[in-house]
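Next up, upload09.cif (mmCIF, C-alpha atoms):
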```
data_data
loop_
_atom_site.label_atom_id
_atom_site.label_comp_id
_atom_site.auth_asym_id
_atom_site.auth_seq_id
_atom_site.Cartn_x
_atom_site.Cartn_y
_atom_site.Cartn_z
CA LEU A 1 57.34 140.72 -108.66
CA ALA A 2 59.72 141.50 -105.82
CA SER A 3 60.20 139.03 -102.97
CA LEU A 4 60.12 140.20 -99.39
CA PRO A 5 63.70 140.91 -98.26
CA HIS A 6 62.95 139.78 -94.70
CA SER A 7 62.24 136.29 -93.36
CA SER A 8 61.22 135.38 -89.80
CA LEU A 9 61.07 131.67 -90.54
CA GLN A 10 64.29 130.76 -88.72
CA GLN A 11 63.35 132.67 -85.55
CA ILE A 12 59.85 131.17 -85.57
CA GLN A 13 61.23 127.65 -86.05
CA GLN A 14 63.72 128.20 -83.21
CA ALA A 15 60.93 129.33 -80.86
CA VAL A 16 58.86 126.27 -81.75
CA GLY A 17 61.95 124.10 -81.26
CA ARG A 18 62.59 125.54 -77.77
CA THR A 19 59.02 124.84 -76.66
CA GLN A 20 59.04 121.39 -78.23
CA SER A 21 62.32 120.58 -76.48
CA LEU A 22 60.82 121.52 -73.10
CA LEU A 23 57.87 119.21 -73.73
CA GLN A 24 60.19 116.36 -74.72
CA GLN A 25 62.15 116.79 -71.49
CA ALA A 26 59.04 116.08 -69.41
CA GLN A 27 60.05 114.12 -66.33
CA ASN A 28 58.64 110.89 -64.99
CA ILE A 29 55.40 110.52 -66.93
CA ALA A 30 55.77 111.86 -70.45
CA PHE A 31 53.12 112.92 -72.95
CA ASP A 32 53.14 109.51 -74.71
CA VAL A 33 49.80 107.69 -74.46
CA GLN A 34 51.33 104.22 -73.98
CA GLN A 35 53.73 105.47 -71.32
CA ILE A 36 50.87 107.19 -69.52
CA ASP A 37 48.76 104.03 -69.56
CA GLN A 38 51.68 101.96 -68.28
CA ALA A 39 52.57 104.46 -65.55
CA PHE A 40 48.99 104.78 -64.36
CA GLN A 41 48.54 101.03 -64.28
CA GLN A 42 51.75 100.64 -62.32
CA ASN A 43 51.53 103.64 -59.96
CA TYR A 44 47.92 104.75 -59.64
CA ALA A 45 45.72 101.70 -60.21
CA ASN A 46 44.54 99.44 -57.43
CA ILE A 47 46.62 99.55 -54.28
CA ASP A 48 47.82 96.07 -53.34
CA MET A 49 46.27 95.08 -50.02
CA ASN A 50 49.17 92.69 -49.43
CA ALA A 51 51.95 95.22 -50.08
CA SER A 52 54.26 95.91 -47.18
CA GLU A 53 54.11 99.24 -45.39
CA GLN A 54 57.54 99.99 -46.82
CA GLN A 55 56.23 99.33 -50.36
CA LEU A 56 53.16 101.51 -49.76
CA VAL A 57 55.40 104.36 -48.65
CA ALA A 58 57.73 103.87 -51.64
CA ASP A 59 54.76 103.88 -54.03
CA ALA A 60 53.36 107.04 -52.44
CA ARG A 61 56.76 108.69 -52.77
CA SER A 62 56.92 107.73 -56.46
CA ARG A 63 53.48 109.25 -57.07
CA TRP A 64 54.52 112.42 -55.23
CA GLU A 65 57.68 112.65 -57.36
CA ASN A 66 55.56 112.34 -60.52
CA THR A 67 53.33 115.16 -59.31
CA VAL A 68 56.23 117.44 -58.43
CA GLY A 69 57.89 116.60 -61.76
CA GLY A 70 54.70 117.51 -63.62
CA LEU A 71 54.46 120.82 -61.79
CA GLN A 72 58.11 121.58 -62.56
CA ASP A 73 57.59 120.67 -66.23
CA ALA A 74 54.60 123.01 -66.43
CA MET A 75 56.63 125.84 -64.94
CA ARG A 76 59.52 125.17 -67.34
CA VAL A 77 57.19 125.27 -70.35
CA GLN A 78 55.63 128.48 -69.04
CA ALA A 79 59.09 130.03 -68.63
CA GLY A 80 60.06 128.96 -72.14
CA VAL A 81 56.93 130.44 -73.63
CA VAL A 82 57.45 133.69 -71.71
CA GLY A 83 61.00 133.69 -73.08
CA ASN A 84 59.56 133.55 -76.60
CA ILE A 85 57.47 136.70 -76.06
CA GLU A 86 60.30 139.16 -76.71
CA THR A 87 61.40 137.30 -79.84
CA ASN A 88 57.79 137.25 -81.03
CA ARG A 89 57.38 140.96 -80.36
CA ALA A 90 60.52 141.78 -82.35
CA GLN A 91 59.45 139.55 -85.23
CA MET A 92 55.93 140.97 -85.26
CA SER A 93 57.32 144.51 -85.34
CA ALA A 94 59.68 143.65 -88.20
CA LEU A 95 56.97 141.88 -90.18
CA VAL A 96 54.44 144.67 -89.74
CA GLY A 97 57.10 147.13 -90.87
CA GLN A 98 57.85 144.95 -93.91
CA SER A 99 54.14 144.64 -94.67
CA GLN A 100 53.61 148.38 -94.47
CA GLY A 101 56.62 149.04 -96.66
CA ALA A 102 55.77 146.31 -99.18
CA THR A 103 56.26 147.44 -102.78
CA GLY A 104 53.88 144.95 -104.30
CA ALA A 105 51.29 142.28 -103.74
CA LEU A 106 53.90 139.51 -103.46
CA GLN A 107 55.82 141.27 -100.67
CA ALA A 108 52.61 142.09 -98.82
CA THR A 109 51.42 138.49 -99.16
CA GLN A 110 54.75 137.11 -97.96
CA ALA A 111 54.75 139.43 -94.95
CA GLY A 112 51.17 138.37 -94.20
CA ASN A 113 52.12 134.69 -94.48
CA GLN A 114 55.00 135.20 -92.05
CA LEU A 115 52.68 136.97 -89.62
CA LEU A 116 50.37 133.94 -89.86
CA ALA A 117 53.33 131.65 -89.17
CA LEU A 118 54.21 133.76 -86.13
CA GLN A 119 50.62 133.48 -84.94
CA ALA A 120 50.72 129.70 -85.46
CA GLN A 121 53.89 129.54 -83.35
CA GLN A 122 52.18 131.54 -80.60
CA LEU A 123 49.21 129.16 -80.71
CA ALA A 124 51.61 126.22 -80.44
CA ASP A 125 53.16 127.85 -77.35
CA LEU A 126 49.72 128.35 -75.85
CA THR A 127 48.83 124.72 -76.59
CA ALA A 128 52.05 123.59 -74.90
CA VAL A 129 51.27 125.61 -71.77
CA VAL A 130 47.72 124.29 -71.60
CA ALA A 131 48.94 120.70 -72.09
CA ALA A 132 51.68 121.02 -69.45
CA ASN A 133 49.32 122.65 -66.95
CA GLY A 134 46.65 120.03 -67.63
CA ARG A 135 49.20 117.25 -67.14
CA ALA A 136 50.32 118.74 -63.82
CA LEU A 137 46.72 119.02 -62.64
CA ALA A 138 45.92 115.46 -63.74
CA LEU A 139 48.97 114.13 -61.88
CA THR A 140 47.92 116.03 -58.75
CA ASP A 141 44.41 114.60 -58.98
CA ALA A 142 45.72 111.08 -59.66
CA GLU A 143 48.06 111.30 -56.67
CA ARG A 144 45.16 112.45 -54.48
CA ALA A 145 42.94 109.58 -55.67
CA ALA A 146 45.68 107.00 -55.12
CA ALA A 147 46.41 108.43 -51.66
CA ALA A 148 42.73 108.07 -50.75
CA GLU A 149 42.78 104.44 -51.92
CA GLN A 150 45.99 103.77 -50.02
CA GLY A 151 44.44 105.31 -46.91
CA ARG A 152 41.44 103.02 -47.32
CA VAL A 153 43.74 99.98 -47.59
CA GLN A 154 45.73 100.98 -44.53
CA ARG A 155 42.56 101.69 -42.52
CA GLU A 156 41.18 98.28 -43.50
CA ARG A 157 44.40 96.64 -42.37
CA PHE A 158 44.24 98.47 -39.06
CA LEU A 159 40.64 97.47 -38.43
CA THR A 160 41.06 93.84 -39.50
CA PRO A 161 41.02 91.64 -36.41
CA GLY A 162 44.35 89.96 -35.78
CA SER A 163 45.89 87.99 -33.00
CA GLY A 164 45.45 90.94 -30.66
CA TYR A 165 47.21 91.37 -27.35
CA GLN A 166 48.79 88.27 -25.88
CA PRO A 167 49.66 88.61 -22.16
CA GLY A 168 53.01 87.38 -21.03
CA ASN A 169 55.34 87.52 -18.08
CA ALA A 170 57.16 90.77 -17.64
CA GLN A 171 60.38 91.14 -15.73
CA MET A 172 61.23 94.65 -14.65
CA PHE A 173 64.54 94.14 -12.87
CA ASN A 174 67.15 91.46 -13.17
CA SER A 175 66.49 89.31 -10.10
CA GLY A 176 69.89 87.63 -10.41
CA ASN A 177 71.68 90.45 -8.48
#
```

Encoding of this model in structure tokens:
Amino acid sequence: LASLPHSSLQQIQQAVGRTQSLLQQAQNIAFDVQQIDQAFQQNYANIDMNASEQQLVADARSRWENTVGGLQDAMRVQAGVVGNIETNRAQMSALVGQSQGATGALQATQAGNQLLALQAQQLADLTAVVAANGRALALTDAERAAAAEQGRVQRERFLTPGSGYQPGNAQMFNSGN
């Protein structure tokens, strides 16, 4: 039994590593369930009716930064996956050539196994893109929902009766001259 003289394992592992690295570099809100729960509780849950206008603006800015970060992360993952396409094409071509030139069942099986590994890597890339895009969309929707709640809070503040206008004496010119 002759072993296949070609192995794509290293190139496949490198492609998976590149995509995985991009996912690990996710900004602001990562893909960790506990971090997501904490961030949503802190940034997107109930808007504090007693928060200052300055705090409301700062919170809105933080939510916007999370959304933009999620969109950038999605685009980075997409770019990384697109970058893997040429490597995948070259590996697929080499493996098909090895499979067609296989001198025995072992070589043909090994080439087939490597083609399956390449396909698994491509599915992992696709999963990463779907996850990153879904995260970006969820952040956009969460920002929109929080902005609507913040708008409701600010409208309620505006409509809440307060001390109103208090007339006073006005002096237009200095009468001391």

Centre and edges of the range 49-52 of chain A box, axis-aligned, 3 Å extra per side, as AutoDock Vina command-line options:
```
--center_x 50.3 --center_y 94.3 --center_z -48.6 --size_x 14.0 --size_y 9.2 --size_z 8.9
```

What's around range 134-141 of chain A at 9 Å? Count all atoms listed in the file, leave out sequence neighbours fewer than 5 positions away in its own chain, and write the answer as a PyMOL selection string.
chain A and resi 29+31+63-64+66-74+129+146

Atom pair CA of Leu1 in chain A / CA of Thr109 in chain A: separation (Å)
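Separating CA of Leu1 in chain A from CA of Thr109 in chain A is a distance of 11.4 Å.
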
Grab the CA of Arg76 in chain A to CA of Leu118 in chain A distance for me, in Å with one decimal place.
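We find that CA of Arg76 in chain A and CA of Leu118 in chain A lie 21.3 Å from each other.
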
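The residue that comes closest to Leu116 in chain A, out of A:Met92, A:Pro167, A:Ala26, A:Val153 and on the basis of all atoms listed in the file, is A:Met92.
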
Who sits within 9 Å of Gln98 in chain A, only C-alpha atoms, same chain under 5 positions skipped, as JSON, numbers by chain
{"A": [4, 5, 6, 93, 107, 108, 111]}

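All protein and nucleic acid residues in the vicinity of (63.2, 135.9, -92.6), that is within 10 Å when counting all atoms listed in the file, are Leu4, Pro5, His6, Ser7, Ser8, Leu9, Gln10, Gln11, Ile12, Gln91, Ala94, Leu95, Ala111 and Gln114 of chain A.
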
Please determine, counting only C-alpha atoms, which residue among A:Asn133, A:Gln42, A:Gln78, A:Ser3 has the shortest atom-to-atom distance to Gly104 in chain A.
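With only C-alpha atoms as the atom set, the closest residue is A:Ser3.
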
Which residues fall under the PyMOL selection byres ((chain A and resi 147) around 10) in this file, as a list in words?
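Evaluating the PyMOL selection byres ((chain A and resi 147) around 10) on this file yields Tyr44, Ile47, Leu56, Asp59, Ala60, Arg63, Trp64, Asp141, Ala142, Glu143, Arg144, Ala145, Ala146, Ala148, Glu149, Gln150, Gly151, Arg152 and Val153 of chain A.
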
Selection file, C-alpha atoms, as an mmCIF file, keeping the file's coordinate frame:
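The file below, result_11.cif, is the result:
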```
data_model
loop_
_atom_site.group_PDB
_atom_site.id
_atom_site.type_symbol
_atom_site.label_atom_id
_atom_site.label_comp_id
_atom_site.auth_asym_id
_atom_site.auth_seq_id
_atom_site.Cartn_x
_atom_site.Cartn_y
_atom_site.Cartn_z
ATOM 1 C CA TYR A 44 47.920 104.750 -59.640
ATOM 2 C CA ILE A 47 46.620 99.550 -54.280
ATOM 3 C CA LEU A 56 53.160 101.510 -49.760
ATOM 4 C CA ASP A 59 54.760 103.880 -54.030
ATOM 5 C CA ALA A 60 53.360 107.040 -52.440
ATOM 6 C CA ARG A 63 53.480 109.250 -57.070
ATOM 7 C CA TRP A 64 54.520 112.420 -55.230
ATOM 8 C CA ASP A 141 44.410 114.600 -58.980
ATOM 9 C CA ALA A 142 45.720 111.080 -59.660
ATOM 10 C CA GLU A 143 48.060 111.300 -56.670
ATOM 11 C CA ARG A 144 45.160 112.450 -54.480
ATOM 12 C CA ALA A 145 42.940 109.580 -55.670
ATOM 13 C CA ALA A 146 45.680 107.000 -55.120
ATOM 14 C CA ALA A 148 42.730 108.070 -50.750
ATOM 15 C CA GLU A 149 42.780 104.440 -51.920
ATOM 16 C CA GLN A 150 45.990 103.770 -50.020
ATOM 17 C CA GLY A 151 44.440 105.310 -46.910
ATOM 18 C CA ARG A 152 41.440 103.020 -47.320
ATOM 19 C CA VAL A 153 43.740 99.980 -47.590
#
```

Considering all atoms listed in the file, can you say which of A:Gln121, A:Asn174, A:Asn43, A:Gln13 comes closest to Ser62 in chain A?
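Of A:Gln121, A:Asn174, A:Asn43, A:Gln13, the one nearest Ser62 in chain A is A:Asn43, counting all atoms listed in the file.
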
For the atom pair CA of Gly101 in chain A and CA of Asn84 in chain A, what is the interatomic distance in Å to one decimal place?
25.5 Å

Report as a count of residues only all protein, DNA and RNA residues lying within 12 Å of Ser21 in chain A, evaluated on all atoms listed in the file, omitting residues in the same chain fewer than 4 positions from it.
14

Which residue gives the smallest distance to Thr87 in chain A among A:Gln100, A:Gln122, A:Gln166, A:Asn113, with only C-alpha atoms counted?
A:Gln122

Counting only C-alpha atoms, the option among A:Gln24, A:Gln54, A:Gln119, A:Thr103 closest to Ile85 in chain A
A:Gln119

Could you tell me which of A:Leu123, A:Ala2, A:Ala131, A:Ala170 comes closest to Ala30 in chain A if we count all atoms listed in the file?
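Of all the options, A:Ala131 lies closest to Ala30 in chain A.
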
Can you take the partial range 51-62 of chain A, add all heavy atoms, and return it as an mmCIF file, in the frame of the given file?
```cif
data_model
loop_
_atom_site.group_PDB
_atom_site.id
_atom_site.type_symbol
_atom_site.label_atom_id
_atom_site.label_comp_id
_atom_site.auth_asym_id
_atom_site.auth_seq_id
_atom_site.Cartn_x
_atom_site.Cartn_y
_atom_site.Cartn_z
ATOM 1 N N ALA A 51 50.657 94.542 -50.011
ATOM 2 C CA ALA A 51 51.950 95.220 -50.080
ATOM 3 C C ALA A 51 52.412 95.575 -48.664
ATOM 4 O O ALA A 51 51.608 95.885 -47.792
ATOM 5 C CB ALA A 51 51.847 96.476 -50.927
ATOM 6 N N SER A 52 53.706 95.551 -48.484
ATOM 7 C CA SER A 52 54.260 95.910 -47.180
ATOM 8 C C SER A 52 54.086 97.420 -46.954
ATOM 9 O O SER A 52 53.887 98.182 -47.900
ATOM 10 C CB SER A 52 55.744 95.551 -47.123
ATOM 11 O OG SER A 52 56.470 96.391 -48.007
ATOM 12 N N GLU A 53 54.184 97.813 -45.691
ATOM 13 C CA GLU A 53 54.110 99.240 -45.390
ATOM 14 C C GLU A 53 55.230 99.992 -46.095
ATOM 15 O O GLU A 53 55.030 101.090 -46.599
ATOM 16 C CB GLU A 53 54.191 99.470 -43.868
ATOM 17 C CG GLU A 53 52.977 98.993 -43.094
ATOM 18 C CD GLU A 53 51.693 99.727 -43.479
ATOM 19 O OE1 GLU A 53 51.734 100.965 -43.677
ATOM 20 O OE2 GLU A 53 50.657 99.054 -43.590
ATOM 21 N N GLN A 54 56.395 99.378 -46.153
ATOM 22 C CA GLN A 54 57.540 99.990 -46.820
ATOM 23 C C GLN A 54 57.232 100.193 -48.307
ATOM 24 O O GLN A 54 57.560 101.233 -48.884
ATOM 25 C CB GLN A 54 58.775 99.115 -46.637
ATOM 26 C CG GLN A 54 60.047 99.729 -47.164
ATOM 27 C CD GLN A 54 61.268 98.847 -46.878
ATOM 28 O OE1 GLN A 54 61.143 97.707 -46.448
ATOM 29 N NE2 GLN A 54 62.448 99.389 -47.126
ATOM 30 N N GLN A 55 56.577 99.208 -48.951
ATOM 31 C CA GLN A 55 56.230 99.330 -50.360
ATOM 32 C C GLN A 55 55.162 100.401 -50.570
ATOM 33 O O GLN A 55 55.215 101.160 -51.534
ATOM 34 C CB GLN A 55 55.755 97.987 -50.925
ATOM 35 C CG GLN A 55 55.507 98.017 -52.426
ATOM 36 C CD GLN A 55 56.755 98.359 -53.215
ATOM 37 O OE1 GLN A 55 57.813 97.786 -52.996
ATOM 38 N NE2 GLN A 55 56.655 99.318 -54.115
ATOM 39 N N LEU A 56 54.194 100.475 -49.665
ATOM 40 C CA LEU A 56 53.160 101.510 -49.760
ATOM 41 C C LEU A 56 53.780 102.903 -49.692
ATOM 42 O O LEU A 56 53.415 103.804 -50.449
ATOM 43 C CB LEU A 56 52.115 101.331 -48.664
ATOM 44 C CG LEU A 56 51.186 100.126 -48.803
ATOM 45 C CD1 LEU A 56 50.303 99.991 -47.567
ATOM 46 C CD2 LEU A 56 50.333 100.219 -50.061
ATOM 47 N N VAL A 57 54.732 103.076 -48.789
ATOM 48 C CA VAL A 57 55.400 104.360 -48.650
ATOM 49 C C VAL A 57 56.224 104.668 -49.906
ATOM 50 O O VAL A 57 56.213 105.794 -50.417
ATOM 51 C CB VAL A 57 56.295 104.388 -47.379
ATOM 52 C CG1 VAL A 57 57.189 105.619 -47.359
ATOM 53 C CG2 VAL A 57 55.421 104.330 -46.131
ATOM 54 N N ALA A 58 56.924 103.673 -50.427
ATOM 55 C CA ALA A 58 57.730 103.870 -51.640
ATOM 56 C C ALA A 58 56.836 104.231 -52.829
ATOM 57 O O ALA A 58 57.180 105.117 -53.624
ATOM 58 C CB ALA A 58 58.545 102.609 -51.944
ATOM 59 N N ASP A 59 55.686 103.569 -52.940
ATOM 60 C CA ASP A 59 54.760 103.880 -54.030
ATOM 61 C C ASP A 59 54.196 105.290 -53.900
ATOM 62 O O ASP A 59 54.066 106.017 -54.892
ATOM 63 C CB ASP A 59 53.618 102.858 -54.069
ATOM 64 C CG ASP A 59 54.082 101.469 -54.509
ATOM 65 O OD1 ASP A 59 55.222 101.347 -55.020
ATOM 66 O OD2 ASP A 59 53.309 100.507 -54.303
ATOM 67 N N ALA A 60 53.867 105.675 -52.668
ATOM 68 C CA ALA A 60 53.360 107.040 -52.440
ATOM 69 C C ALA A 60 54.427 108.069 -52.791
ATOM 70 O O ALA A 60 54.135 109.108 -53.387
ATOM 71 C CB ALA A 60 52.913 107.192 -50.988
ATOM 72 N N ARG A 61 55.650 107.775 -52.460
ATOM 73 C CA ARG A 61 56.760 108.690 -52.770
ATOM 74 C C ARG A 61 56.925 108.818 -54.295
ATOM 75 O O ARG A 61 57.147 109.911 -54.816
ATOM 76 C CB ARG A 61 58.056 108.177 -52.152
ATOM 77 C CG ARG A 61 59.277 108.951 -52.561
ATOM 78 C CD ARG A 61 59.782 109.769 -51.439
ATOM 79 N NE ARG A 61 60.922 110.565 -51.893
ATOM 80 C CZ ARG A 61 61.172 111.742 -51.422
ATOM 81 N NH1 ARG A 61 60.411 112.237 -50.485
ATOM 82 N NH2 ARG A 61 62.192 112.423 -51.860
ATOM 83 N N SER A 62 56.815 107.714 -55.002
ATOM 84 C CA SER A 62 56.920 107.730 -56.460
ATOM 85 C C SER A 62 55.809 108.589 -57.075
ATOM 86 O O SER A 62 56.060 109.373 -57.995
ATOM 87 C CB SER A 62 56.848 106.304 -56.998
ATOM 88 O OG SER A 62 56.832 106.312 -58.398
#
```
